[in-house]
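Q: Quick one, input30.cif (mmCIF, C-alpha atoms and all ligand atoms):
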```cif
data_query
#
loop_
_atom_site.label_atom_id
_atom_site.label_comp_id
_atom_site.auth_asym_id
_atom_site.auth_seq_id
_atom_site.Cartn_x
_atom_site.Cartn_y
_atom_site.Cartn_z
CA MET A 1 0.00 0.00 0.00
CA LYS A 2 1.14 3.54 -0.77
CA LYS A 3 1.90 5.89 2.11
CA ILE A 4 1.43 9.64 2.34
CA LEU A 5 2.63 12.03 5.02
CA VAL A 6 0.45 15.11 5.52
CA VAL A 7 2.06 17.91 7.57
CA PHE A 8 0.72 21.38 8.18
CA GLY A 9 1.05 24.57 10.19
CA SER A 10 -2.14 26.35 11.06
CA ARG A 11 -2.59 29.46 13.21
CA PHE A 12 -6.38 29.53 13.45
CA GLY A 13 -7.32 25.95 12.49
CA ASN A 14 -8.33 26.48 8.85
CA SER A 15 -5.43 24.66 7.18
CA LYS A 16 -5.81 21.94 9.79
CA GLU A 17 -9.42 21.26 8.73
CA ILE A 18 -8.25 21.18 5.12
CA ALA A 19 -5.52 18.64 6.02
CA ASN A 20 -8.14 16.46 7.70
CA VAL A 21 -10.52 16.51 4.73
CA ILE A 22 -7.69 15.73 2.30
CA SER A 23 -6.44 12.91 4.53
CA LYS A 24 -9.90 11.31 4.57
CA ILE A 25 -9.91 11.26 0.77
CA PHE A 26 -6.48 9.58 0.79
CA GLU A 27 -7.80 6.95 3.23
CA GLU A 28 -10.86 6.33 1.06
CA ALA A 29 -8.42 5.68 -1.81
CA LYS A 30 -6.82 2.95 0.33
CA ILE A 31 -3.66 4.91 1.00
CA ILE A 32 -1.99 4.86 4.42
CA VAL A 33 -1.89 8.41 5.80
CA ASP A 34 -0.06 9.98 8.71
CA VAL A 35 -1.11 13.51 9.62
CA VAL A 36 1.19 15.69 11.70
CA ASP A 37 0.43 19.13 13.13
CA LEU A 38 3.95 20.58 12.99
CA LYS A 39 3.20 23.46 15.35
CA LYS A 40 2.13 20.99 18.01
CA THR A 41 4.93 18.48 17.51
CA LYS A 42 8.47 18.95 18.85
CA ARG A 43 10.94 19.27 15.97
CA LYS A 44 12.93 16.27 17.18
CA ASN A 45 9.76 14.19 16.74
CA TRP A 46 8.97 15.34 13.21
CA PRO A 47 8.71 12.22 11.03
CA SER A 48 11.35 11.28 8.51
CA THR A 49 10.03 11.47 4.94
CA ASP A 50 11.97 8.30 4.00
CA ARG A 51 9.17 5.80 4.31
CA TYR A 52 6.55 7.77 2.37
CA ASP A 53 5.66 7.74 -1.34
CA GLY A 54 4.11 11.18 -1.09
CA VAL A 55 4.39 14.22 1.15
CA LEU A 56 1.82 16.99 1.38
CA VAL A 57 2.76 20.23 3.13
CA GLY A 58 0.19 22.90 4.00
CA SER A 59 0.06 26.27 5.72
CA GLY A 60 -2.09 29.25 6.44
CA ILE A 61 -0.77 32.69 5.44
CA LYS A 62 -0.47 35.57 7.89
CA ILE A 63 1.02 38.94 6.98
CA MET A 64 2.22 37.39 3.72
CA LYS A 65 4.05 34.55 5.46
CA TRP A 66 3.72 30.78 5.79
CA THR A 67 3.73 29.43 9.33
CA LYS A 68 7.37 28.86 10.21
CA GLU A 69 7.17 25.13 11.00
CA PRO A 70 6.14 23.78 7.57
CA LEU A 71 8.77 26.02 5.97
CA ALA A 72 11.39 24.61 8.35
CA PHE A 73 10.14 21.10 7.51
CA LEU A 74 10.55 21.77 3.78
CA LYS A 75 14.05 23.19 4.32
CA LYS A 76 15.09 20.22 6.43
CA ASN A 77 13.82 17.63 3.95
CA LYS A 78 14.30 19.39 0.64
CA ASN A 79 16.94 16.98 -0.66
CA ASN A 80 14.66 14.04 -0.03
CA LEU A 81 11.44 15.44 -1.47
CA ASN A 82 12.00 15.67 -5.20
CA ASN A 83 12.04 11.90 -5.65
CA LYS A 84 8.53 11.69 -4.17
CA THR A 85 5.11 13.01 -5.02
CA LEU A 86 5.29 16.38 -3.28
CA GLY A 87 2.28 18.65 -2.84
CA LEU A 88 1.95 22.12 -1.36
CA TYR A 89 -1.14 24.05 -0.38
CA VAL A 90 -1.91 27.27 1.41
CA THR A 91 -5.09 28.99 2.50
CA SER A 92 -4.91 32.69 1.75
CA MET A 93 -7.05 35.80 1.58
CA ILE A 94 -5.33 36.91 -1.63
CA LYS A 95 -7.02 33.97 -3.40
CA LEU A 96 -10.18 36.15 -3.28
CA THR A 97 -8.55 38.94 -5.27
CA ASP A 98 -5.83 37.43 -7.47
CA TYR A 99 -5.61 33.64 -7.58
CA GLU A 100 -2.67 33.51 -10.01
CA GLN A 101 -0.65 36.01 -7.95
CA ALA A 102 -1.40 34.05 -4.78
CA LYS A 103 -0.12 30.85 -6.42
CA LYS A 104 3.06 32.67 -7.52
CA ASP A 105 3.71 34.37 -4.18
CA TYR A 106 2.81 31.59 -1.80
CA CYS A 107 3.71 28.41 -3.74
CA GLU A 108 5.97 29.02 -6.72
CA LYS A 109 8.37 31.43 -4.99
CA ILE A 110 8.69 29.13 -1.98
CA ALA A 111 9.38 26.15 -4.23
CA ASN A 112 11.94 28.07 -6.31
CA ASN A 113 13.71 29.44 -3.25
CA LEU A 114 14.04 26.00 -1.72
CA GLY A 115 14.78 24.17 -4.98
CA ILE A 116 11.86 21.79 -4.55
CA GLN A 117 9.55 20.63 -7.33
CA PRO A 118 6.01 20.02 -6.12
CA LYS A 119 3.99 17.90 -8.55
CA ILE A 120 0.90 19.72 -7.37
CA TYR A 121 0.29 22.98 -5.54
CA ASP A 122 -2.70 25.19 -4.96
CA VAL A 123 -4.11 28.09 -3.00
CA PHE A 124 -7.41 27.60 -1.19
CA ASP A 125 -9.79 30.33 -0.09
CA PRO A 126 -9.57 31.67 3.45
CA VAL A 127 -11.76 31.72 6.48
CA ILE A 128 -12.33 35.31 7.59
CA ASP A 129 -13.89 34.96 11.01
CA LEU A 130 -14.90 38.35 12.37
CA SER A 131 -17.73 36.96 14.50
CA GLU A 132 -17.97 37.31 18.27
CA THR A 133 -17.03 33.65 18.69
CA SER A 134 -13.95 33.95 16.43
CA ASN A 135 -10.79 32.34 17.84
CA LEU A 136 -8.72 35.36 16.76
CA GLY A 137 -7.15 37.67 19.32
CA ALA A 138 -8.14 41.35 19.23
CA LEU A 139 -5.05 42.45 17.27
CA ASP A 140 -5.34 39.70 14.64
CA LYS A 141 -9.05 40.37 14.31
CA GLY A 142 -8.40 44.08 13.79
CA ILE A 143 -5.78 43.39 11.09
CA LEU A 144 -8.08 40.91 9.37
CA LYS A 145 -11.04 43.29 9.50
CA LEU A 146 -9.02 46.11 7.91
CA ALA A 147 -7.82 43.78 5.16
CA ALA A 148 -11.37 42.49 4.65
CA MET A 149 -12.68 46.06 4.35
CA GLY A 150 -10.07 46.79 1.69
CA ILE A 151 -10.91 43.64 -0.26
CA SER A 152 -14.66 44.16 -0.18
CA LYS A 153 -14.26 47.80 -1.29
CA ASP A 154 -11.65 47.33 -4.02
CA PHE A 155 -12.59 43.91 -5.37
CA ASP A 156 -16.34 43.72 -4.95
CA VAL A 157 -16.15 40.65 -2.70
CA GLU A 158 -19.00 40.42 -0.22
CA ILE A 159 -17.62 40.01 3.31
CA ASP A 160 -19.65 40.14 6.52
CA LEU A 161 -17.51 42.41 8.68
CA GLU A 162 -19.16 41.19 11.88
CA GLY A 163 -19.56 37.52 10.99
CA LEU A 164 -17.95 34.24 9.99
CA ASN A 165 -16.98 34.09 6.30
CA ASP A 166 -15.85 30.61 5.33
CA PHE A 167 -14.85 30.94 1.68
CA ARG A 168 -13.24 27.51 1.40
CA ASP A 169 -14.37 25.70 -1.75
CA TRP A 170 -14.49 22.07 -0.66
CA ASP A 171 -14.91 20.86 -4.26
CA GLN A 172 -11.62 22.55 -5.19
CA ILE A 173 -9.97 20.94 -2.16
CA LYS A 174 -11.38 17.49 -2.96
CA ASP A 175 -10.27 17.79 -6.61
CA TYR A 176 -6.78 18.64 -5.39
CA ALA A 177 -6.74 15.58 -3.12
CA ASN A 178 -7.98 13.32 -5.91
CA THR A 179 -5.33 14.64 -8.30
CA PHE A 180 -2.71 13.88 -5.64
CA VAL A 181 -4.10 10.33 -5.39
CA ASP A 182 -3.82 9.95 -9.20
CA PHE A 183 -0.15 10.98 -9.07
CA ILE A 184 0.60 8.55 -6.24
CA LYS A 185 -1.14 5.64 -7.94
CA LYS A 186 0.72 6.26 -11.20
CA GLU A 187 4.12 6.12 -9.50
C1 LIG A 201 -3.92 38.60 11.29
C2 LIG A 201 -4.12 37.94 9.96
C3 LIG A 201 -3.30 38.29 8.90
C4 LIG A 201 -3.50 37.69 7.64
N1 LIG A 201 -2.66 38.04 6.61
C5 LIG A 201 -2.84 37.48 5.39
C6 LIG A 201 -1.98 37.83 4.31
O1 LIG A 201 -1.03 38.62 4.43
N2 LIG A 201 -2.19 37.27 3.10
C7 LIG A 201 -3.21 36.38 2.91
O2 LIG A 201 -3.35 35.91 1.79
N3 LIG A 201 -4.03 36.00 3.92
C8 LIG A 201 -3.88 36.53 5.16
N4 LIG A 201 -4.71 36.18 6.19
C9 LIG A 201 -5.81 35.24 5.95
C10 LIG A 201 -5.46 33.84 6.37
O3 LIG A 201 -4.56 33.28 5.49
C11 LIG A 201 -6.70 32.97 6.42
O4 LIG A 201 -7.53 33.40 7.46
C12 LIG A 201 -6.37 31.49 6.56
O5 LIG A 201 -7.58 30.76 6.39
C13 LIG A 201 -5.68 31.16 7.88
O6 LIG A 201 -5.33 29.80 7.91
P1 LIG A 201 -4.85 29.05 9.25
O7 LIG A 201 -5.99 29.09 10.22
O8 LIG A 201 -4.59 27.65 8.82
O9 LIG A 201 -3.63 29.74 9.75
C14 LIG A 201 -4.54 36.74 7.45
C15 LIG A 201 -5.35 36.39 8.54
C16 LIG A 201 -5.16 36.98 9.79
C17 LIG A 201 -6.04 36.59 10.93
#
```
Starting from the file, give its structure as structure tokens.

A:
Amino acid sequence: MKKILVVFGSRFGNSKEIANVISKIFEEAKIIVDVVDLKKTKRKNWPSTDRYDGVLVGSGIKIMKWTKEPLAFLKKNKNNLNNKTLGLYVTSMIKLTDYEQAKKDYCEKIANNLGIQPKIYDVFDPVIDLSETSNLGALDKGILKLAAMGISKDFDVEIDLEGLNDFRDWDQIKDYANTFVDFIKKE
């Protein structure tokens, strides 16, 4: 049986939910999956990529940056990743305004800088949670609200500035997972 390692770094839980949905699709395709939350796992316990056929690395974006742990994971393992099916994904607000730019900035540049060649990469839509029950701290919520106001004004995207806006397109995410499965099965 093929084996895939899914690792992610998520600040507010959105990339984590994406990792879980993708992992379920891998399992349904009879692939063995290990999922590791890199922010919650000590670096010395990060798994070796050796025993996997595929590795999927995901992150949320905050102030134009990946979470630091998945980037560190990619750096650490970069020499061992190009002989596997490697996938990258991020969840980003910029997807709402310029999808191609978001792919360039948050996937292609990272891959080029590290010298890795993902077989598949994509940017998924964000969650913009400005509701009272949001898990964001006051500062993060303020930053997000300002950015959301700019986006809704300049790009004609409807955003509830007091509510939960979950823009994630689960069909896009499932298609991505199924394409990853196709790559793994062809290997
Ligand atoms: C304080 C803050 C700053 C953000 N900055 C950016 C940004 O610079 N670019 C972007 O595309 N998305 C940005 N986002 C949107 C997040 O990428 C989005 O909410 C994503 O779903 C977070 O994923 P995570 O929960 O897995 O970290 C920001 C969100 C917050 C709360």

Q: For range 130-138 of chain A, find every residue with an atom within 8 Å (counting all atoms listed in the file), except residues of its own chain fewer than 5 positions away, and show them as a list of chain:residue names.

A: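 That gives A:Phe12, A:Leu144, A:Lys145, A:Asp160, A:Leu161, A:Glu162, A:Gly163, A:Leu164, A:Asn165.
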
Q: Which neighbours of Tyr176 in chain A fall inside 10 Å, counting all atoms listed in the file, when residues of the same chain fewer than 4 positions from it are skipped, and could you give them as a list in words?

A: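 Once the nearby chain positions are removed, what remains is Ile22, Gly87, Tyr89, Ile120, Tyr121, Asp122, Phe124, Trp170, Asp171, Gln172, Phe180, Val181 and Asp182 of chain A.
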
Q: Write out, as JSON lines, each residue of chain A that has an atom at most 6 Å from ligand LIG 201 (chain A), together with the closest pair of atoms and their distance in Å to one decimal, counting all atoms listed in the file, rows going by chain and rising number.

A:
```
{"residue": "A:Ser10", "atom": "CA", "partner": "A:LIG201", "partner_atom": "O8", "distance": 3.6}
{"residue": "A:Arg11", "atom": "CA", "partner": "A:LIG201", "partner_atom": "O9", "distance": 3.6}
{"residue": "A:Phe12", "atom": "CA", "partner": "A:LIG201", "partner_atom": "O7", "distance": 3.3}
{"residue": "A:Gly13", "atom": "CA", "partner": "A:LIG201", "partner_atom": "O7", "distance": 4.1}
{"residue": "A:Asn14", "atom": "CA", "partner": "A:LIG201", "partner_atom": "O7", "distance": 3.8}
{"residue": "A:Ser15", "atom": "CA", "partner": "A:LIG201", "partner_atom": "O8", "distance": 3.5}
{"residue": "A:Lys16", "atom": "CA", "partner": "A:LIG201", "partner_atom": "O8", "distance": 5.9}
{"residue": "A:Ser59", "atom": "CA", "partner": "A:LIG201", "partner_atom": "O8", "distance": 5.8}
{"residue": "A:Gly60", "atom": "CA", "partner": "A:LIG201", "partner_atom": "O6", "distance": 3.6}
{"residue": "A:Ile61", "atom": "CA", "partner": "A:LIG201", "partner_atom": "O3", "distance": 3.8}
{"residue": "A:Lys62", "atom": "CA", "partner": "A:LIG201", "partner_atom": "N1", "distance": 3.5}
{"residue": "A:Ile63", "atom": "CA", "partner": "A:LIG201", "partner_atom": "O1", "distance": 3.3}
{"residue": "A:Met64", "atom": "CA", "partner": "A:LIG201", "partner_atom": "O1", "distance": 3.5}
{"residue": "A:Thr91", "atom": "CA", "partner": "A:LIG201", "partner_atom": "C12", "distance": 4.9}
{"residue": "A:Ser92", "atom": "CA", "partner": "A:LIG201", "partner_atom": "O2", "distance": 3.6}
{"residue": "A:Met93", "atom": "CA", "partner": "A:LIG201", "partner_atom": "O2", "distance": 3.7}
{"residue": "A:Ile94", "atom": "CA", "partner": "A:LIG201", "partner_atom": "O2", "distance": 4.1}
{"residue": "A:Pro126", "atom": "CA", "partner": "A:LIG201", "partner_atom": "O5", "distance": 3.7}
{"residue": "A:Val127", "atom": "CA", "partner": "A:LIG201", "partner_atom": "O5", "distance": 4.3}
{"residue": "A:Ile128", "atom": "CA", "partner": "A:LIG201", "partner_atom": "O4", "distance": 5.2}
{"residue": "A:Asp140", "atom": "CA", "partner": "A:LIG201", "partner_atom": "C1", "distance": 3.8}
{"residue": "A:Lys141", "atom": "CA", "partner": "A:LIG201", "partner_atom": "C17", "distance": 5.9}
{"residue": "A:Ile143", "atom": "CA", "partner": "A:LIG201", "partner_atom": "C1", "distance": 5.1}
{"residue": "A:Leu144", "atom": "CA", "partner": "A:LIG201", "partner_atom": "C16", "distance": 4.9}
```

Q: What separation in Å, quoted to one decimal, exists between CA of Lys153 in chain A and CA of Arg168 in chain A?

A: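 Value for the CA of Lys153 in chain A-CA of Arg168 in chain A distance: 20.5 Å.
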
Q: Choose the residue, out of A:Val55, A:Val36, A:Leu114, A:Ile31, that has the smallest atom-to-atom separation from Ala72 in chain A; count all atoms listed in the file.

A: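 Looking at the shortest contact to Ala72 in chain A, the residue is A:Leu114.
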
Q: Quick one: residues within 12 Å of Lys24 in chain A, all atoms listed in the file, excluding same-chain residues fewer than 2 positions away - as number ranges by chain?

A: A: 4, 6, 17-22, 26-35, 173-174, 177-178, 181

Q: Could you give me, as a PDB file with C-alpha atoms, keeping the file's coordinate frame, the residues within 7 Å of Asp37 in chain A, counting only C-alpha atoms and dropping anything in the same chain fewer than 6 positions from it?

A:
```
ATOM      1  CA  VAL A   7       2.060  17.910   7.570  1.00  0.00           C
ATOM      2  CA  PHE A   8       0.720  21.380   8.180  1.00  0.00           C
ATOM      3  CA  GLY A   9       1.050  24.570  10.190  1.00  0.00           C
TER       4      GLY A   9
END
```

Q: So that I can see what lies close to range 96-107 of chain A, please list as a ChimeraX atom specification the residues with an atom at most 8 Å from it, counting all atoms listed in the file and leaving out residues fewer than 4 positions away in the same chain.

A: /A:65-66,88-90,92,111,121-123,125,151,155,157

Q: Could you check which of A:Leu139, A:Val57, A:Leu74, A:Ile159 is closest to Ile116 in chain A, using all atoms listed in the file?

A: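 Looking at the shortest contact to Ile116 in chain A, the residue is A:Leu74.
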
Q: For CA of Pro47 in chain A and CA of Ile184 in chain A, determine how far apart the two atoms are, in Å to one decimal place.

A: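 Separation between CA of Pro47 in chain A and CA of Ile184 in chain A: 19.4 Å.
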
Q: Identify which of the residues A:Lys75, A:Asp156, A:Asp50, A:Leu56 lies closest to Pro118 in chain A, counting only C-alpha atoms when measuring atom-to-atom distances.

A: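 Ranked by minimum distance to Pro118 in chain A, first place goes to A:Leu56.
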
Q: Please compute the CA of Lys78 in chain A-CA of Ile25 in chain A distance, one decimal, in Å.

A: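 Atom-to-atom, CA of Lys78 in chain A to CA of Ile25 in chain A, that is 25.5 Å.
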
Q: Determine the nearest neighbour of Arg51 in chain A from the options A:Ser23, A:Asp166, A:Lys3, A:Gly115, counting all atoms listed in the file.

A: A:Lys3
